[in-house]
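Shown next: coords17.txt, given as compact mmCIF, C-alpha atoms (C1' of nucleotides).
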```
# COMPACT_ATOMS: atom_id res chain seq x y z
CA MET C 1374 0.00 0.00 0.00
CA LYS C 1375 0.85 3.68 -0.31
CA SER C 1376 1.21 3.98 3.46
CA GLN C 1377 4.34 1.86 3.22
CA ARG C 1378 6.08 4.96 1.86
CA LEU C 1379 5.40 6.77 5.13
CA ILE C 1380 6.56 3.81 7.23
CA ASN C 1381 9.77 3.82 5.20
CA HIS C 1382 10.13 7.48 5.94
CA PHE C 1383 9.79 6.84 9.68
CA GLU C 1384 12.35 4.07 9.42
CA THR C 1385 14.94 6.49 8.06
CA TYR C 1386 14.95 7.83 11.65
CA LEU C 1387 14.47 4.67 13.76
CA SER C 1388 13.49 1.08 13.05
CA PHE C 1389 10.14 -0.26 14.20
CA GLU C 1390 8.80 -3.69 15.17
CA ALA C 1391 6.24 -5.35 12.88
CA HIS C 1392 3.40 -4.78 15.33
CA GLU C 1393 4.34 -1.10 15.67
CA LYS C 1394 4.26 -0.69 11.92
CA GLU C 1395 0.85 -2.32 11.76
CA LEU C 1396 -0.43 0.03 14.41
CA ILE C 1397 0.90 3.06 12.58
CA GLU C 1398 -0.41 1.84 9.23
CA SER C 1399 -3.89 1.37 10.66
CA ARG C 1400 -4.05 5.08 11.45
CA ILE C 1401 -2.90 6.41 8.08
CA VAL C 1402 -5.43 7.54 5.49
CA GLY C 1403 -4.68 8.35 1.86
CA GLN C 1404 -6.17 10.95 -0.45
CA ASN C 1405 -5.70 12.39 -3.93
CA VAL C 1406 -6.15 16.14 -4.24
CA LYS C 1407 -6.63 18.15 -7.40
CA ARG C 1408 -4.61 21.26 -8.22
CA LYS C 1409 -5.89 24.33 -6.32
CA THR C 1410 -7.80 22.26 -3.76
CA HIS C 1411 -7.52 23.52 -0.20
CA ILE C 1412 -6.99 20.82 2.42
CA LEU C 1413 -7.04 23.54 5.10
CA GLN C 1414 -8.59 26.99 5.07
CA ALA C 1415 -8.01 29.78 7.60
CA GLY C 1416 -10.70 29.59 10.26
CA GLU C 1417 -10.95 25.80 10.17
CA VAL C 1418 -9.16 23.56 12.67
CA CYS C 1419 -6.18 21.67 11.21
CA GLN C 1420 -7.27 18.06 11.78
CA TYR C 1421 -4.40 16.28 10.01
CA TYR C 1422 -0.66 15.98 9.81
CA THR C 1423 -0.15 15.63 6.06
CA PHE C 1424 2.68 13.77 4.32
CA VAL C 1425 3.18 14.35 0.59
CA LEU C 1426 3.71 11.28 -1.62
CA SER C 1427 3.65 13.14 -4.93
CA GLY C 1428 2.84 16.62 -6.13
CA CYS C 1429 3.36 19.79 -4.17
CA LEU C 1430 1.39 21.84 -1.63
CA ARG C 1431 1.90 25.22 -0.06
CA LEU C 1432 1.08 26.67 3.35
CA TYR C 1433 0.26 30.36 3.12
CA ILE C 1434 -1.13 33.18 5.25
CA THR C 1435 -3.32 36.00 3.97
CA ASP C 1436 -2.38 39.40 5.44
CA GLN C 1437 -4.74 42.25 6.39
CA ALA C 1438 -4.39 43.72 2.91
CA GLY C 1439 -5.59 40.40 1.45
CA LYS C 1440 -2.21 39.37 0.05
CA GLU C 1441 -1.09 35.76 0.25
CA HIS C 1442 2.36 34.93 1.62
CA ASN C 1443 3.89 31.48 1.16
CA ILE C 1444 5.38 30.16 4.38
CA LEU C 1445 6.24 26.66 3.19
CA PHE C 1446 6.24 24.37 0.19
CA ALA C 1447 6.00 20.60 0.69
CA ALA C 1448 6.82 18.20 -2.13
CA GLU C 1449 7.60 14.46 -2.16
CA ASN C 1450 8.33 13.00 1.31
CA GLU C 1451 7.72 16.22 3.20
CA TRP C 1452 5.26 17.12 5.94
CA ILE C 1453 2.82 19.98 5.94
CA SER C 1454 0.38 21.10 8.60
CA ASP C 1455 -0.56 24.06 10.78
CA ILE C 1456 1.08 22.78 13.96
CA THR C 1457 -0.45 25.46 16.19
CA SER C 1458 -4.00 24.67 15.14
CA PHE C 1459 -3.36 20.91 15.06
CA HIS C 1460 -2.25 20.81 18.71
CA SER C 1461 -4.50 23.51 20.14
CA MET C 1462 -7.59 22.50 18.10
CA LEU C 1463 -8.18 26.22 17.60
CA PRO C 1464 -9.03 27.76 14.21
CA SER C 1465 -6.08 28.00 11.87
CA GLN C 1466 -4.59 31.29 10.67
CA SER C 1467 -3.14 29.62 7.62
CA ASN C 1468 -4.22 27.79 4.48
CA ILE C 1469 -2.87 24.65 2.82
CA GLN C 1470 -3.44 24.28 -0.90
CA ALA C 1471 -2.28 21.89 -3.62
CA LEU C 1472 -0.20 23.61 -6.30
CA GLU C 1473 -0.14 20.41 -8.37
CA PRO C 1474 -2.37 17.33 -8.44
CA SER C 1475 -1.03 15.54 -5.37
CA GLU C 1476 -1.15 12.24 -3.52
CA ILE C 1477 -1.10 12.67 0.24
CA LEU C 1478 -1.21 10.56 3.39
CA GLN C 1479 -2.77 11.92 6.56
CA ILE C 1480 -2.83 11.13 10.25
CA ALA C 1481 -5.70 12.66 12.22
CA GLN C 1482 -4.97 14.46 15.47
CA GLN C 1483 -6.58 11.87 17.74
CA ASP C 1484 -4.83 9.07 15.83
CA LEU C 1485 -1.42 10.69 16.18
CA TYR C 1486 -2.02 11.14 19.90
CA PHE C 1487 -3.02 7.49 20.11
CA LEU C 1488 0.18 6.54 18.30
CA TYR C 1489 2.32 8.72 20.58
CA LEU C 1490 0.95 6.74 23.54
CA ASN C 1491 1.35 3.32 21.93
CA VAL C 1492 4.49 3.68 19.87
CA LEU C 1493 6.79 5.69 22.13
CA LYS C 1494 9.54 5.90 19.53
CA LEU C 1495 7.34 8.21 17.49
CA ASP C 1496 8.01 10.96 20.01
CA ARG C 1497 11.66 10.73 19.10
CA VAL C 1498 10.95 10.65 15.37
CA PHE C 1499 8.73 13.71 15.49
CA LYS C 1500 11.19 15.46 17.81
CA VAL C 1501 13.90 15.04 15.18
CA ILE C 1502 11.55 16.07 12.36
CA ALA C 1503 10.55 19.20 14.31
CA GLU C 1504 14.20 20.06 14.94
CA GLU C 1505 15.06 19.58 11.26
CA LYS C 1506 12.24 21.86 10.22
CA TYR C 1507 13.28 24.38 12.88
CA VAL C 1508 16.79 24.56 11.44
CA GLU C 1509 15.39 25.00 7.93
CA LEU C 1510 13.28 27.95 9.09
CA GLN C 1511 16.20 29.44 11.00
CA ASN C 1512 18.24 29.48 7.79
CA ARG C 1513 15.36 31.16 6.06
CA VAL C 1514 15.07 33.83 8.76
CA PHE C 1515 18.79 34.50 8.38
CA ALA C 1516 18.48 34.80 4.59
CA THR C 1517 15.47 37.08 4.90
CA ILE C 1518 17.00 39.53 7.37
CA SER C 1519 20.50 39.53 5.88
CA ALA C 1520 20.28 39.13 2.10
CA THR C 1521 18.68 41.00 -0.80
CA GLY C 1522 15.86 39.54 -2.89
CA HIS C 1523 18.39 38.79 -5.61
CA GLN C 1524 20.63 36.80 -3.26
CA ARG C 1525 17.68 34.98 -1.71
CA TYR C 1526 16.48 33.90 -5.15
CA LEU C 1527 19.91 32.48 -5.99
CA THR C 1528 19.94 30.63 -2.67
CA PHE C 1529 16.46 29.28 -3.38
CA LEU C 1530 17.55 28.00 -6.80
CA LYS C 1531 20.50 26.16 -5.26
CA GLN C 1532 18.61 24.83 -2.27
CA TYR C 1533 15.38 23.77 -3.97
CA PRO C 1534 16.26 23.12 -7.64
CA HIS C 1535 13.45 20.56 -7.89
CA LEU C 1536 10.93 23.23 -6.86
CA ALA C 1537 12.43 26.09 -8.89
CA ASN C 1538 11.64 24.29 -12.14
CA ARG C 1539 8.16 23.22 -11.09
CA LEU C 1540 6.56 26.21 -9.42
CA PRO C 1541 5.32 29.37 -11.13
CA ASN C 1542 7.46 32.39 -10.33
CA THR C 1543 4.51 34.07 -8.66
CA GLN C 1544 4.61 31.35 -5.98
CA ILE C 1545 8.37 31.61 -5.59
CA ALA C 1546 8.19 35.41 -5.31
CA SER C 1547 5.58 35.08 -2.56
CA TYR C 1548 7.89 32.68 -0.72
CA LEU C 1549 10.88 35.01 -1.08
CA GLY C 1550 8.91 38.03 0.11
CA ILE C 1551 9.18 40.02 -3.12
CA THR C 1552 6.74 40.91 -5.91
CA PRO C 1553 6.55 38.79 -9.08
CA GLU C 1554 7.52 41.94 -11.05
CA PHE C 1555 10.71 42.35 -9.07
CA LEU C 1556 11.52 38.64 -9.46
CA SER C 1557 11.12 39.08 -13.18
CA MET C 1558 13.73 41.88 -13.10
CA ILE C 1559 16.07 39.70 -11.05
CA ARG C 1560 15.72 36.87 -13.57
CA LYS C 1561 16.51 39.27 -16.38
CA GLU C 1562 19.65 40.45 -14.59
CA ILE C 1563 20.73 36.84 -14.08
CA THR C 1564 20.29 35.77 -17.72
CA ARG C 1565 21.91 39.03 -18.91
CA GLY C 1566 24.84 38.30 -16.60
CA LYS C 1567 25.29 34.74 -17.87
CA GLY C 1568 28.40 34.17 -19.92
CA LYS C 1569 30.29 36.61 -17.74
CA ILE C 1570 32.17 35.66 -14.54
CA MET B 291 19.76 24.11 43.81
CA LYS B 292 19.48 26.17 40.67
CA SER B 293 18.86 23.09 38.55
CA GLN B 294 15.47 22.78 40.25
CA ARG B 295 14.35 25.65 38.03
CA LEU B 296 14.97 23.54 34.96
CA ILE B 297 13.22 20.50 36.42
CA ASN B 298 10.23 22.75 37.12
CA HIS B 299 10.36 23.88 33.52
CA PHE B 300 10.27 20.26 32.31
CA GLU B 301 7.35 19.58 34.63
CA THR B 302 5.28 22.27 32.94
CA TYR B 303 5.16 19.78 30.04
CA LEU B 304 4.97 16.38 31.83
CA SER B 305 5.45 15.19 35.40
CA PHE B 306 8.46 13.06 36.31
CA GLU B 307 9.19 10.42 38.96
CA ALA B 308 11.65 11.28 41.74
CA HIS B 309 14.34 9.00 40.31
CA GLU B 310 13.93 10.53 36.86
CA LYS B 311 14.40 13.99 38.31
CA GLU B 312 17.54 12.86 40.11
CA LEU B 313 18.91 11.46 36.89
CA ILE B 314 18.20 14.67 35.01
CA GLU B 315 19.61 16.82 37.80
CA SER B 316 22.85 14.84 37.83
CA ARG B 317 23.49 15.86 34.21
CA ILE B 318 22.85 19.58 34.58
CA VAL B 319 25.74 21.99 35.07
CA GLY B 320 25.45 25.65 36.04
CA GLN B 321 27.51 28.66 34.99
CA ASN B 322 27.56 32.43 35.36
CA VAL B 323 28.60 34.38 32.29
CA LYS B 324 29.63 38.02 32.08
CA ARG B 325 28.17 40.46 29.59
CA LYS B 326 29.71 40.03 26.12
CA THR B 327 31.07 36.56 26.86
CA HIS B 328 30.65 34.07 24.02
CA ILE B 329 29.52 30.61 25.06
CA LEU B 330 29.72 29.53 21.40
CA GLN B 331 31.76 30.94 18.54
CA ALA B 332 31.38 30.12 14.86
CA GLY B 333 33.78 27.31 13.97
CA GLU B 334 33.47 25.57 17.35
CA VAL B 335 31.16 22.62 17.96
CA CYS B 336 28.07 23.45 20.05
CA GLN B 337 28.56 21.10 23.01
CA TYR B 338 25.63 22.25 25.15
CA TYR B 339 21.92 22.82 25.20
CA THR B 340 21.69 26.02 27.26
CA PHE B 341 18.78 27.09 29.47
CA VAL B 342 18.70 30.69 30.71
CA LEU B 343 17.93 31.27 34.41
CA SER B 344 18.55 35.01 34.39
CA GLY B 345 19.97 37.58 32.00
CA CYS B 346 19.75 37.40 28.23
CA LEU B 347 21.76 35.85 25.40
CA ARG B 348 21.61 36.13 21.64
CA LEU B 349 22.33 33.70 18.81
CA TYR B 350 23.70 35.50 15.77
CA ILE B 351 25.29 34.76 12.41
CA THR B 352 27.96 36.88 10.76
CA ASP B 353 27.41 37.32 7.01
CA GLN B 354 30.07 37.49 4.29
CA ALA B 355 30.26 41.25 4.65
CA GLY B 356 31.08 40.81 8.35
CA LYS B 357 27.72 42.03 9.64
CA GLU B 358 26.08 40.33 12.58
CA HIS B 359 22.43 39.27 12.34
CA ASN B 360 20.46 38.26 15.42
CA ILE B 361 18.52 35.06 14.89
CA LEU B 362 17.26 34.58 18.44
CA PHE B 363 17.18 36.14 21.90
CA ALA B 364 16.85 33.91 24.96
CA ALA B 365 15.93 35.39 28.34
CA GLU B 366 14.61 33.77 31.55
CA ASN B 367 13.36 30.18 31.09
CA GLU B 368 14.28 29.94 27.43
CA TRP B 369 16.58 27.60 25.52
CA ILE B 370 19.41 28.59 23.25
CA SER B 371 21.75 26.42 21.20
CA ASP B 372 22.91 25.76 17.67
CA ILE B 373 20.84 22.64 17.11
CA THR B 374 22.54 21.72 13.84
CA SER B 375 26.02 21.74 15.33
CA PHE B 376 24.84 20.16 18.59
CA HIS B 377 23.41 17.10 16.84
CA SER B 378 25.90 16.78 13.99
CA MET B 379 28.99 17.62 16.13
CA LEU B 380 30.15 19.70 13.17
CA PRO B 381 31.52 23.25 13.52
CA SER B 382 28.84 25.85 14.19
CA GLN B 383 27.94 28.63 11.75
CA SER B 384 26.54 30.74 14.55
CA ASN B 385 27.63 32.46 17.75
CA ILE B 386 25.99 32.64 21.17
CA GLN B 387 26.82 35.63 23.34
CA ALA B 388 25.56 37.06 26.63
CA LEU B 389 23.99 40.50 26.23
CA GLU B 390 23.65 40.84 30.01
CA PRO B 391 25.41 39.14 32.91
CA SER B 392 23.55 35.83 32.91
CA GLU B 393 23.02 32.66 34.90
CA ILE B 394 22.70 29.59 32.71
CA LEU B 395 22.21 25.86 33.05
CA GLN B 396 23.67 23.49 30.48
CA ILE B 397 23.29 19.88 29.40
CA ALA B 398 26.16 18.46 27.38
CA GLN B 399 25.44 16.56 24.17
CA GLN B 400 26.44 13.12 25.51
CA ASP B 401 24.45 13.76 28.70
CA LEU B 402 21.31 14.72 26.81
CA TYR B 403 21.64 11.59 24.68
CA PHE B 404 22.06 9.56 27.88
CA LEU B 405 18.93 11.18 29.28
CA TYR B 406 16.95 10.52 26.08
CA LEU B 407 17.75 6.82 26.53
CA ASN B 408 16.98 6.68 30.24
CA VAL B 409 14.11 9.11 30.64
CA LEU B 410 11.97 8.42 27.60
CA LYS B 411 9.51 11.19 28.42
CA LEU B 412 12.20 13.72 27.57
CA ASP B 413 11.73 12.91 23.89
CA ARG B 414 8.17 14.13 24.20
CA VAL B 415 9.19 17.25 26.14
CA PHE B 416 11.82 18.24 23.60
CA LYS B 417 9.45 17.41 20.75
CA VAL B 418 6.95 19.90 22.13
CA ILE B 419 9.67 22.49 22.79
CA ALA B 420 10.94 22.11 19.22
CA GLU B 421 7.42 22.48 17.85
CA GLU B 422 6.82 25.60 19.96
CA LYS B 423 10.03 27.16 18.71
CA TYR B 424 9.15 26.16 15.15
CA VAL B 425 5.84 28.02 15.37
CA GLU B 426 7.59 31.09 16.79
CA LEU B 427 10.00 31.13 13.84
CA GLN B 428 7.17 30.59 11.37
CA ASN B 429 5.45 33.70 12.70
CA ARG B 430 8.68 35.59 12.33
CA VAL B 431 9.12 34.43 8.72
CA PHE B 432 5.59 35.62 7.99
CA ALA B 433 6.27 39.01 9.59
CA THR B 434 9.54 39.38 7.71
CA ILE B 435 8.17 38.59 4.25
CA SER B 436 4.86 40.40 4.66
CA ALA B 437 5.36 43.48 6.84
CA THR B 438 7.47 46.64 6.76
CA GLY B 439 10.22 47.35 9.30
CA HIS B 440 7.85 49.74 11.05
CA GLN B 441 5.14 47.11 11.43
CA ARG B 442 7.65 44.47 12.53
CA TYR B 443 8.95 46.77 15.25
CA LEU B 444 5.43 47.34 16.57
CA THR B 445 4.84 43.59 16.58
CA PHE B 446 8.12 43.05 18.43
CA LEU B 447 7.15 45.59 21.10
CA LYS B 448 3.83 43.83 21.68
CA GLN B 449 5.24 40.30 21.56
CA TYR B 450 8.42 40.82 23.60
CA PRO B 451 7.78 43.85 25.86
CA HIS B 452 10.20 42.44 28.46
CA LEU B 453 12.98 42.43 25.85
CA ALA B 454 12.11 45.75 24.22
CA ASN B 455 12.89 47.62 27.42
CA ARG B 456 16.08 45.70 28.17
CA LEU B 457 17.94 45.40 24.89
CA PRO B 458 19.78 48.20 23.09
CA ASN B 459 18.04 49.22 19.87
CA THR B 460 21.08 48.13 17.88
CA GLN B 461 20.35 44.54 18.93
CA ILE B 462 16.65 44.87 18.19
CA ALA B 463 17.37 46.38 14.76
CA SER B 464 19.66 43.45 13.96
CA TYR B 465 16.86 41.06 14.96
CA LEU B 466 14.29 42.90 12.83
CA GLY B 467 16.58 43.00 9.80
CA ILE B 468 16.87 46.80 9.61
CA THR B 469 19.65 49.27 10.40
CA PRO B 470 19.78 51.01 13.81
CA GLU B 471 19.49 54.34 11.95
CA PHE B 472 16.24 53.29 10.36
CA LEU B 473 14.93 51.99 13.68
CA SER B 474 15.70 55.38 15.15
CA MET B 475 13.55 57.00 12.45
CA ILE B 476 10.73 54.54 13.13
CA ARG B 477 10.87 55.36 16.85
CA LYS B 478 10.69 59.06 16.06
CA GLU B 479 7.61 58.52 13.88
CA ILE B 480 5.96 56.53 16.66
CA THR B 481 6.53 59.12 19.41
CA ARG B 482 5.54 61.93 17.03
CA GLY B 483 2.34 60.03 16.26
CA LYS B 484 1.45 59.51 19.93
CA GLY B 485 -1.52 61.49 21.15
CA LYS B 486 -3.16 61.07 17.77
CA ILE B 487 -5.43 58.15 16.80
C1' DT A 274 33.57 59.71 40.05
C1' DC A 275 35.80 59.89 35.95
C1' DT A 276 36.85 58.02 31.54
C1' DT A 277 35.96 55.13 27.88
C1' DT A 278 32.94 52.78 25.12
C1' DT A 279 28.76 52.11 23.25
C1' DT A 280 24.31 53.73 21.81
C1' DC A 281 21.09 57.00 19.81
C1' DT A 282 19.78 60.66 16.68
C1' DT A 283 19.65 63.49 12.49
C1' DA A 284 20.00 64.30 7.73
C1' DA A 285 21.30 63.97 2.81
C1' DA A 286 22.18 61.05 -1.01
C1' DG A 287 21.76 56.57 -2.84
C1' DT A 288 19.78 51.75 -3.65
C1' DA A 289 16.37 48.01 -3.27
C1' DG A 290 11.94 46.92 -3.89
C1' DT A 291 6.73 48.25 -4.88
C1' DT A 292 2.94 49.88 -7.52
C1' DT A 293 0.37 50.42 -11.52
C1' DA A 294 -0.73 49.39 -16.00
C1' DA A 295 -0.68 47.07 -20.20
C1' DG A 296 0.66 43.70 -23.69
C1' DA A 297 2.60 39.07 -24.80
C1' DG A 298 3.26 34.37 -23.74
C1' DT A 299 1.84 29.84 -21.54
C1' DA A 300 -0.66 26.57 -19.51
C1' DA A 301 -5.13 24.62 -17.91
C1' DT A 302 -9.63 23.18 -18.94
C1' DC A 303 -13.60 22.17 -21.55
C1' DG R 937 -8.31 22.40 -30.45
C1' DA R 938 -10.26 26.43 -28.89
C1' DT R 939 -10.85 29.38 -25.23
C1' DT R 940 -10.23 30.98 -20.89
C1' DA R 941 -7.37 31.83 -17.13
C1' DC R 942 -3.25 32.59 -15.41
C1' DT R 943 1.76 33.92 -15.73
C1' DC R 944 5.63 36.65 -17.29
C1' DT R 945 7.76 40.88 -18.82
C1' DT R 946 8.65 45.86 -19.22
C1' DA R 947 8.86 50.43 -17.64
C1' DA R 948 7.97 54.74 -15.09
C1' DA R 949 6.92 56.78 -10.78
C1' DC R 950 7.00 55.98 -6.05
C1' DT R 951 8.21 54.27 -1.20
C1' DA R 952 11.03 51.71 2.10
C1' DC R 953 15.28 51.22 3.60
C1' DT R 954 20.61 51.84 3.56
C1' DT R 955 24.83 54.32 3.68
C1' DT R 956 27.76 57.69 5.38
C1' DA R 957 29.03 60.94 8.59
C1' DA R 958 29.09 63.41 12.71
C1' DG R 959 27.58 65.10 17.15
C1' DA R 960 24.94 64.18 21.60
C1' DA R 961 23.49 61.06 25.17
C1' DA R 962 23.85 57.28 27.91
C1' DA R 963 25.77 53.37 29.96
C1' DA R 964 29.78 50.40 31.46
C1' DG R 965 33.88 49.75 33.71
C1' DA R 966 37.67 50.99 36.53
```
Write-out of the structure in structure tokens:
Amino acid sequence: MKSQRLINHFETYLSFEAHEKELIESRIVGQNVKRKTHILQAGEVCQYYTFVLSGCLRLYITDQAGKEHNILFAAENEWISDITSFHSMLPSQSNIQALEPSEILQIAQQDLYFLYLNVLKLDRVFKVIAEEKYVELQNRVFATISATGHQRYLTFLKQYPHLANRLPNTQIASYLGITPEFLSMIRKEITRGKGKI
Amino acid sequence: MKSQRLINHFETYLSFEAHEKELIESRIVGQNVKRKTHILQAGEVCQYYTFVLSGCLRLYITDQAGKEHNILFAAENEWISDITSFHSMLPSQSNIQALEPSEILQIAQQDLYFLYLNVLKLDRVFKVIAEEKYVELQNRVFATISATGHQRYLTFLKQYPHLANRLPNTQIASYLGITPEFLSMIRKEITRGKGKI
DNA sequence: TCTTTTTCTTAAAGTAGTTTAAGAGTAATC
DNA sequence: GATTACTCTTAAACTACTTTAAGAAAAAGA
């Protein structure tokens, strides 16, 4: 089954007994989502931890002016969820939307809590995952407060080449914190500069 | 002893048996650091998870141009460490420095790993701590890509009033990703605007 | 208390990034 | 395969923020 992919992912951190895997598998549900579908909208409670098998989703927040800002992309073998809402069961501030037709696996809040109680190793796995994601965000904060849009775009291209070729520039600009128009100028500068150096 | 403060902190997440507390306590070491002292410098390995009892420290990264950028402040009852270096045992990219004379508690890498093995609940505690810190950073990323320096400063004042009154504006500016000169202009605008509204 | 160091402010000139608008190019959907 | 919807580019005018420099104020250290 598809859920084997998620078990494999867990086993990159720690190995599990057969009965533990069965228990985990029993709590995983799969879903296919079309492009542009929202699996979470601001105001709703985030019920699921979502793992991406194929495709790509984004987590974004709409500001007071109505503009959308991409906080996170999740492609193959990555997690996406509004952690605050998921744990507090309070309405989410953020939205999760498929940017491509995507296959996802989900674990519902009560099921994950059940698993935490019955498969203790999962605490360790999710601790490591949370720390990995924390480090990723810390690098992004550093880039955002220290580098220009131009430099951040170059960093993005190096760090996420698989995304750079898949996502529309409007989505990348929103992630970088610049306008699509300015990204277009940056791209022009880069291609104009090619051949030099 | 001072380490009781850290045990209390852990018990805000989960309660522990007496023997577990003893085990944890035996692996905690205390230290007083003077203002400006570095407890971690870029190039060294981050050996400790550091918990602040009093005072305030900052984690910062120096960019290629030699400018320092504040990634994180940690005051009373907060954690500070370079997680990447701590877990990988590779040289750190970042620096940790006391901004005030501070009392800290530390757990060395090998001791924390020992504790993870012998007090399983700690995995859960540090999972929750990592998730909390992740959410904090996510909010900061949102602020940085969506709001102006002016708006970010106002948010900082509301969110960290205890820090705003303690830290020099140069440090706050570095955290917000603006120059101290521009922060000074923002502050002038704010005081000039007071009385209105 | 005195001295040194750091921090804060002001302002002018420059750069990075936004806004608006409009046309061309691509990709999605029926 | 046609049509509709989105995406990309360009440019001019504007705003947010930086740089440089220099003097005043405040805090740290001895």
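With distances taken from (16.0, 42.7, 17.8) and restricted to only C-alpha atoms (C1' of nucleotides), the residues inside 9 Å are B:Asn360, B:Ile361, B:Leu362, B:Phe363, B:Tyr443, B:Phe446, B:Leu453, B:Ala454, B:Leu457, B:Pro458, B:Asn459, B:Thr460, B:Gln461, B:Ile462, B:Ala463, B:Ser464, B:Tyr465, B:Leu466, B:Gly467.
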TODO: Excluding Gln1420 in chain C and any residue of its chain fewer than 2 positions from it, enumerate the residues within 7 Å of it, using only C-alpha atoms (C1' of nucleotides), and give them as a list in words.
DONE: Val1418, Phe1459, Ala1481 and Gln1482 of chain C
For chain A against chain B, with a cut-off of 9 Å and counting all atoms listed in the file, what is the closest atom pair and its distance in Å to one decimal for every residue that makes the cut, ordered by chain and number, as CSV?
```
residue,atom,partner,partner_atom,distance
A:DT280,C1',B:Pro458,CA,7.3
A:DC281,C1',B:Ser474,CA,7.3
A:DT282,C1',B:Ser474,CA,6.8
A:DT283,C1',B:Met475,CA,8.9
```
Box dimensions and centre (Å, one decimal) enclosing range 1421-1426 of chain C, axis-aligned, 8 Å extra per side, as lines of an AutoDock Vina configuration file:
```
center_x = -0.3
center_y = 13.8
center_z = 4.2
size_x = 24.1
size_y = 21.0
size_z = 27.6
```
TODO: Tell me which of C:Leu1510, C:Val1492, C:Ala1415, C:Ala1448 sits closest to Arg1539 in chain C, counting only C-alpha atoms.
DONE: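 So, comparing all the options, the nearest one is C:Ala1448.
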TODO: Kindly provide, as a ChimeraX atom specification, the residues of chain B having any atom no farther than 7 Å from an atom of chain C, counting only C-alpha atoms.
DONE: /B:359,361,374,413-414,416-417,420-421,424-425,427,431-432,434-436,466-467
Open item on the list: Between CA of Ser305 in chain B and CA of Glu1395 in chain C, what is the distance in Å, rounded to a tenth?
Closed with: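 Between CA of Ser305 in chain B and CA of Glu1395 in chain C the gap is 29.8 Å.
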Task: Distance of CA of Gln1466 in chain C from CA of Leu1432 in chain C, expressed in Å to one decimal place - done: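 Atom-to-atom, CA of Leu1432 in chain C and CA of Gln1466 in chain C are spaced 10.3 Å apart.
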Task: Residue nearest chain B among R:DA964, R:DC953, R:DA958, R:DC944 (counting all atoms listed in the file) - done: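 Nearest to chain B: R:DC953.
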Open item on the list: Can you work out which residues from chain R touch chain B at a cut-off of 10 Å (counting all atoms listed in the file) and hand them back as number ranges by chain?
Closed with: R: 952-955
Task: Separation of CA of Gly356 in chain B from CA of Thr340 in chain B in Å - done: 25.8 Å
